[in-house]
Amino acid sequence: MPFEDAAYSMKKGSLSKPVRTPYGYHIIKVTDIRPSKGRILVAHIMKNAPPGTSESDIKKAEEEINKIYKELLEGGVFSELAKKYSDHKESAAKGGELNWFGSGEMIPDFSEAAFSLKDTGTYSKPFRTMYGWHIVKLLNRKPPGSYEESTSYLESRINQSYLNSLSRKTFVARLKKEYKFKINKIAFNWFIENTDTLIIQGLKKYIPAEIPDGIISSFTNKALSNAEFAEYIEKRGTMIITRDPAIFIKTLLDALTSDQLITYENSVLEKKYPEFRYLMNEFHDGILLFDISNKKVWDRINHDSAGLHRYYEDNKHNYLSIKQIEAKVYTLKVVNGEKALASAYKKFAGRSDGDKYMNEKFNNKNDTVLVIKDGIWTTGDDPDIDRVEWVAGSSSFTRNGFPSIILIKKVKEPLPLKFEEVEEKMMTGYQEYLDNEWIRQLKEKYNVKIDSFVLDEVKKKLINE
């Protein structure tokens with residue numbers, strides 16, 4: 001299939017060109033790649049709580065599953081508990097056992113819990129999916145099978161894709177009509193008459209000298225020669241399960257010519273559909289711009305540490321620490337107490353135990369009239385302190401409506417922050433610098449002219465819209 005062919009040929013992080021499938025057009029990005037997890041066999045115990053279940057019933061189901069889990073921890077037999085309690089009756093009859101499955105074949109929550117079990121015989125804690133509560137036990141595990149071992153399973157999955165097959169047939173039928181597809185009946189009948197069961201089984205090849213010259217099918221200016229079709233049969237023959245040469249030849253010719261028609265259609269999309277061509281051009285230009293930007297800007301940010309540090313040295317004074325003071329604040333919670341506070345401060349401030357005497361003077365009734373706070377303040381911490389002139393020494397001011405005195409011991413002026421503290425901001429600024437520098441270089445190299453008339457016309461259209 002085109003989608004799978006594109007996806008599995010890509011590397012992690014890569015972006016595909018537009019891919020056409022029967023469902024439409026796709027652009028694929030591979031976000032991660034992991035090895036196949038193989039297939040596992042599990043048993044489960046389930047308590048129903050499907051969409052629409054009331055909160056009380058959901059809670060009841062949770063209580064019941066937790067009770068079952070407790071019985072397991074106390075030595076209960078998983079299969080017996082599944083038969084007795086599980087609401088999934090089909091598996092309960094078999095001790096909770098389900099069919100073998102691989103990733104992507106169960107709902108994600110269930111699959112994730114089941115594949116997370118490492119050792120056979122271990123079971124999960126209760127967990128919830130959209131259908132209810134579960135406990136899962138790992139019974140067996142198979143590594144990814146070889147192509148031969150997986151063939152029957154893969155064929156069954158392909159056969160189940162009926163809608164996909166029907167859509168593809170309808171699309172190919174339209175292309176055959178549009179491009180005047182023709183089959184050479186003589187060549188077609190020759191292949192039927194000269195194909196036996198040994199060729200069908202891949203045990204024999206056509207004799208090259210006996211293959212007639214000419215073509216078996218054609219459309220527009222494309223043709224499929226008899227020799228090319230014979231080679232295709234010999235490579236793909238064993239994939240068709242039949243003994244009837246007519247069915248065998250028709251099936252393979254349909255498969256090959258369908259691929260050819262779709263490939264051709266993809267090659268002329270831009271000619272047939274101008275809007276698609278514009279979109280492809282935009283996509284191409286966008287990817288080109290992305291690649292150039294990556295080289296000119298983003299890669300340099302991640303790898304040019306010297307340039308980033310030079311940018312820091314040139315711009316570090318734009319990234320400063322906040323101004324701080326180391327100070328002591330005296331606040332007297334007495335209205336009109338400015339003189340009393342100033343007098344006491346003048347009397348005791350010069351003494352080593354001055355704060356003790358000030359406390360004894362004002363806080364002598366087991367209350368806290370005078371509050372003394374020693375600490376560090378940063379710009380923005382206190383609006384009253386912000387209004388004081390931040391210079392070493394003492395000064396009076398009003399704090400929270402009460403008379404106060406501040407003793408500023410040390411002023412810490414704003415300084416450039418360390419590189420490690422502003423590295424993220426520096427990277428953003430460096431990116432802007434590189435962007436602007438690149439644009440400047442482009443302007444110097446290319447003379448940009450603006451057609452004023454066209455610009456005015458565009459403006460008018462935008463206003464009218």
# chains A, B, ... in the order shown; residues from 1 in each chain; ligands from 1
$ residues_around --residues "range 38-54 of chain A" --least-positions-apart "5" --cutoff "9 Å" --atoms "only C-alpha atoms" --output "count of residues only"
48
$ select_by_dssp --residues "range 63-262 of chain A" --states "strand (DSSP E)" --output "JSON, numbers by chain"
{"A": [101, 102, 127, 128, 129, 132, 133, 134, 135, 136, 137, 138, 139, 140, 141, 142, 182, 183, 215, 216, 217, 218, 219, 222, 223, 224, 225]}
$ write_last_selection --atoms "N, CA and C atoms" --output "short mmCIF file (atom, residue, chain, number, x, y, z; two decimals), in the first residue's frame"
data_model
loop_
_atom_site.label_atom_id
_atom_site.label_comp_id
_atom_site.auth_asym_id
_atom_site.auth_seq_id
_atom_site.Cartn_x
_atom_site.Cartn_y
_atom_site.Cartn_z
N PHE A 101 -2.78 -11.65 20.30
CA PHE A 101 -2.89 -10.37 19.61
C PHE A 101 -1.55 -9.63 19.62
N GLY A 102 -1.42 -8.69 18.68
CA GLY A 102 -0.25 -7.83 18.61
C GLY A 102 -0.63 -6.40 18.90
N PHE A 127 -6.80 -1.70 36.27
CA PHE A 127 -6.72 -0.48 35.49
C PHE A 127 -8.03 -0.32 34.72
N ARG A 128 -8.26 0.92 34.28
CA ARG A 128 -9.54 1.22 33.64
C ARG A 128 -9.35 1.52 32.16
N THR A 129 -10.28 1.04 31.33
CA THR A 129 -10.38 1.42 29.93
C THR A 129 -11.77 2.00 29.72
N GLY A 132 -14.43 -0.54 31.01
CA GLY A 132 -14.57 -0.98 32.38
C GLY A 132 -13.23 -1.12 33.08
N TRP A 133 -13.22 -2.00 34.10
CA TRP A 133 -12.01 -2.25 34.89
C TRP A 133 -11.48 -3.63 34.55
N HIS A 134 -10.14 -3.76 34.53
CA HIS A 134 -9.51 -5.01 34.12
C HIS A 134 -8.35 -5.37 35.03
N ILE A 135 -8.08 -6.67 35.11
CA ILE A 135 -6.80 -7.19 35.59
C ILE A 135 -6.32 -8.14 34.50
N VAL A 136 -5.08 -7.98 34.05
CA VAL A 136 -4.55 -8.78 32.93
C VAL A 136 -3.40 -9.65 33.42
N LYS A 137 -3.40 -10.90 32.97
CA LYS A 137 -2.33 -11.85 33.29
C LYS A 137 -1.65 -12.29 32.00
N LEU A 138 -0.32 -12.25 31.98
CA LEU A 138 0.44 -12.67 30.81
C LEU A 138 0.63 -14.19 30.84
N LEU A 139 0.12 -14.86 29.78
CA LEU A 139 0.22 -16.32 29.70
C LEU A 139 1.38 -16.77 28.81
N ASN A 140 1.63 -16.04 27.72
CA ASN A 140 2.69 -16.45 26.80
C ASN A 140 3.06 -15.27 25.91
N ARG A 141 4.23 -15.35 25.30
CA ARG A 141 4.71 -14.28 24.44
C ARG A 141 5.46 -14.88 23.25
N LYS A 142 5.23 -14.32 22.06
CA LYS A 142 5.94 -14.76 20.86
C LYS A 142 6.71 -13.58 20.28
N LYS A 182 -6.25 -0.36 -22.43
CA LYS A 182 -6.60 -1.47 -23.32
C LYS A 182 -5.78 -2.70 -22.98
N ILE A 183 -6.40 -3.86 -23.18
CA ILE A 183 -5.71 -5.14 -23.01
C ILE A 183 -5.63 -5.82 -24.38
N ILE A 215 2.98 -6.15 -26.74
CA ILE A 215 2.52 -5.66 -25.43
C ILE A 215 1.24 -6.38 -25.04
N ILE A 216 1.00 -6.42 -23.71
CA ILE A 216 -0.23 -7.04 -23.21
C ILE A 216 -1.24 -5.97 -22.79
N SER A 217 -0.77 -4.77 -22.44
CA SER A 217 -1.71 -3.70 -22.05
C SER A 217 -1.08 -2.35 -22.34
N SER A 218 -1.94 -1.32 -22.43
CA SER A 218 -1.44 0.03 -22.69
C SER A 218 -2.45 1.06 -22.22
N PHE A 219 -1.96 2.27 -21.93
CA PHE A 219 -2.81 3.43 -21.64
C PHE A 219 -1.96 4.67 -21.92
N LYS A 222 1.85 4.80 -22.26
CA LYS A 222 2.51 3.76 -21.47
C LYS A 222 2.10 2.40 -22.00
N ALA A 223 3.07 1.47 -21.99
CA ALA A 223 2.78 0.12 -22.47
C ALA A 223 3.50 -0.90 -21.60
N LEU A 224 2.86 -2.06 -21.39
CA LEU A 224 3.44 -3.17 -20.63
C LEU A 224 3.75 -4.29 -21.61
N SER A 225 5.03 -4.59 -21.78
CA SER A 225 5.41 -5.62 -22.74
C SER A 225 5.13 -7.01 -22.18
#
$ residues_around --residues "Ala113 in chain A" --least-positions-apart "4" --cutoff "8 Å" --atoms "only C-alpha atoms" --output "VMD selection string"
chain A and resid 109 117 124 136
$ write_last_selection --atoms "C-alpha atoms" --output "compact mmCIF listing (two decimals), in the first residue's frame"
# COMPACT_ATOMS: atom_id res chain seq x y z
CA ASP A 109 -5.02 1.29 27.29
CA LEU A 117 4.02 -7.30 31.71
CA SER A 124 -1.30 -6.20 36.38
CA VAL A 136 -4.55 -8.78 32.93
$ residues_around --residues "Ile439 in chain A" --least-positions-apart "4" --cutoff "12 Å" --atoms "only C-alpha atoms" --output "VMD selection string"
chain A and resid 293 296 to 297 432 to 435 443 to 446 448
$ select_by_dssp --residues "range 305-461 of chain A" --states "alpha helix (DSSP H)" --output "JSON, numbers by chain"
{"A": [305, 306, 307, 308, 309, 310, 311, 312, 313, 314, 315, 338, 339, 340, 341, 342, 343, 344, 345, 346, 347, 348, 354, 355, 356, 357, 358, 359, 360, 361, 362, 383, 384, 385, 386, 419, 420, 421, 422, 423, 424, 425, 426, 427, 428, 429, 430, 431, 432, 433, 434, 435, 436, 437, 438, 439, 440, 441, 442, 443, 444, 445, 452, 453, 454, 455, 456, 457, 458, 459, 460, 461]}
$ residues_around --residues "Asp314 in chain A" --least-positions-apart "3" --cutoff "12 Å" --atoms "only C-alpha atoms" --output "list in words"
Gly307, Leu308, His309, Arg310, Tyr311, His317, Asn318, Tyr319, Pro416, Phe419, Met426, Gly429, Tyr430 and Tyr433 of chain A
$ write_last_selection --atoms "N, CA, C and O atoms" --output "compact mmCIF listing (two decimals), in the first residue's frame"
# COMPACT_ATOMS: atom_id res chain seq x y z
N GLY A 307 29.67 31.47 19.50
CA GLY A 307 28.86 32.60 19.03
C GLY A 307 27.82 33.01 20.06
O GLY A 307 27.55 34.20 20.26
N LEU A 308 27.24 32.01 20.71
CA LEU A 308 26.23 32.29 21.74
C LEU A 308 26.85 33.04 22.91
O LEU A 308 26.26 33.99 23.44
N HIS A 309 28.06 32.65 23.31
CA HIS A 309 28.72 33.34 24.42
C HIS A 309 29.16 34.75 24.02
O HIS A 309 29.12 35.68 24.84
N ARG A 310 29.55 34.93 22.74
CA ARG A 310 29.87 36.28 22.28
C ARG A 310 28.63 37.17 22.33
O ARG A 310 28.69 38.34 22.73
N TYR A 311 27.48 36.59 21.93
CA TYR A 311 26.23 37.34 21.98
C TYR A 311 25.89 37.71 23.43
O TYR A 311 25.43 38.83 23.70
N HIS A 317 24.26 43.23 29.55
CA HIS A 317 23.75 44.36 30.35
C HIS A 317 22.25 44.58 30.13
O HIS A 317 21.65 45.44 30.79
N ASN A 318 21.65 43.83 29.21
CA ASN A 318 20.19 43.88 29.04
C ASN A 318 19.50 42.84 29.93
O ASN A 318 18.27 42.77 29.97
N TYR A 319 20.30 42.02 30.62
CA TYR A 319 19.76 40.95 31.47
C TYR A 319 20.38 41.10 32.85
O TYR A 319 21.37 40.45 33.17
N PRO A 416 24.87 42.18 35.64
CA PRO A 416 24.54 41.16 34.63
C PRO A 416 24.42 39.78 35.26
O PRO A 416 25.27 39.37 36.06
N PHE A 419 25.64 33.61 32.76
CA PHE A 419 25.18 33.02 31.50
C PHE A 419 24.19 31.89 31.75
O PHE A 419 23.17 31.78 31.08
N MET A 426 19.03 33.99 26.19
CA MET A 426 20.12 34.28 25.27
C MET A 426 19.93 33.54 23.94
O MET A 426 20.19 34.08 22.87
N GLY A 429 17.30 35.34 21.99
CA GLY A 429 17.85 36.58 21.44
C GLY A 429 18.86 36.33 20.34
O GLY A 429 18.89 37.06 19.33
N TYR A 430 19.67 35.27 20.50
CA TYR A 430 20.66 34.92 19.48
C TYR A 430 19.97 34.48 18.19
O TYR A 430 20.42 34.79 17.09
N TYR A 433 18.84 37.54 16.48
CA TYR A 433 20.01 38.20 15.90
C TYR A 433 20.42 37.53 14.60
O TYR A 433 20.67 38.20 13.59
$ residues_around --residues "Asp384 in chain A" --least-positions-apart "4" --cutoff "10 Å" --atoms "only C-alpha atoms" --output "PyMOL selection string"
chain A and resi 380+388+397-401
$ closest_residue --among "A:Met427, A:Ile186, A:Ile207, A:Leu407" --to "Ala327 in chain A" --atoms "only C-alpha atoms"
A:Leu407
$ residues_around --residues "Phe348 in chain A" --least-positions-apart "6" --cutoff "9 Å" --atoms "only C-alpha atoms" --output "short mmCIF file (atom, residue, chain, number, x, y, z; two decimals) with N, CA and C atoms, in the first residue's frame"
data_model
loop_
_atom_site.label_atom_id
_atom_site.label_comp_id
_atom_site.auth_asym_id
_atom_site.auth_seq_id
_atom_site.Cartn_x
_atom_site.Cartn_y
_atom_site.Cartn_z
N GLY A 354 21.16 48.39 71.11
CA GLY A 354 20.14 49.43 70.98
C GLY A 354 18.76 48.87 70.71
N ASP A 355 18.66 47.78 69.94
CA ASP A 355 17.33 47.21 69.64
C ASP A 355 16.67 46.70 70.91
N LYS A 356 17.48 46.18 71.84
CA LYS A 356 16.93 45.67 73.11
C LYS A 356 16.28 46.81 73.88
N TYR A 357 16.96 47.97 73.96
CA TYR A 357 16.41 49.10 74.71
C TYR A 357 15.18 49.68 74.02
N MET A 358 15.18 49.68 72.71
CA MET A 358 14.00 50.19 71.99
C MET A 358 12.80 49.28 72.22
#
$ atom_distance --atom1 "CA of Ile28 in chain A" --atom2 "CA of Phe290 in chain A"
16.5 Å
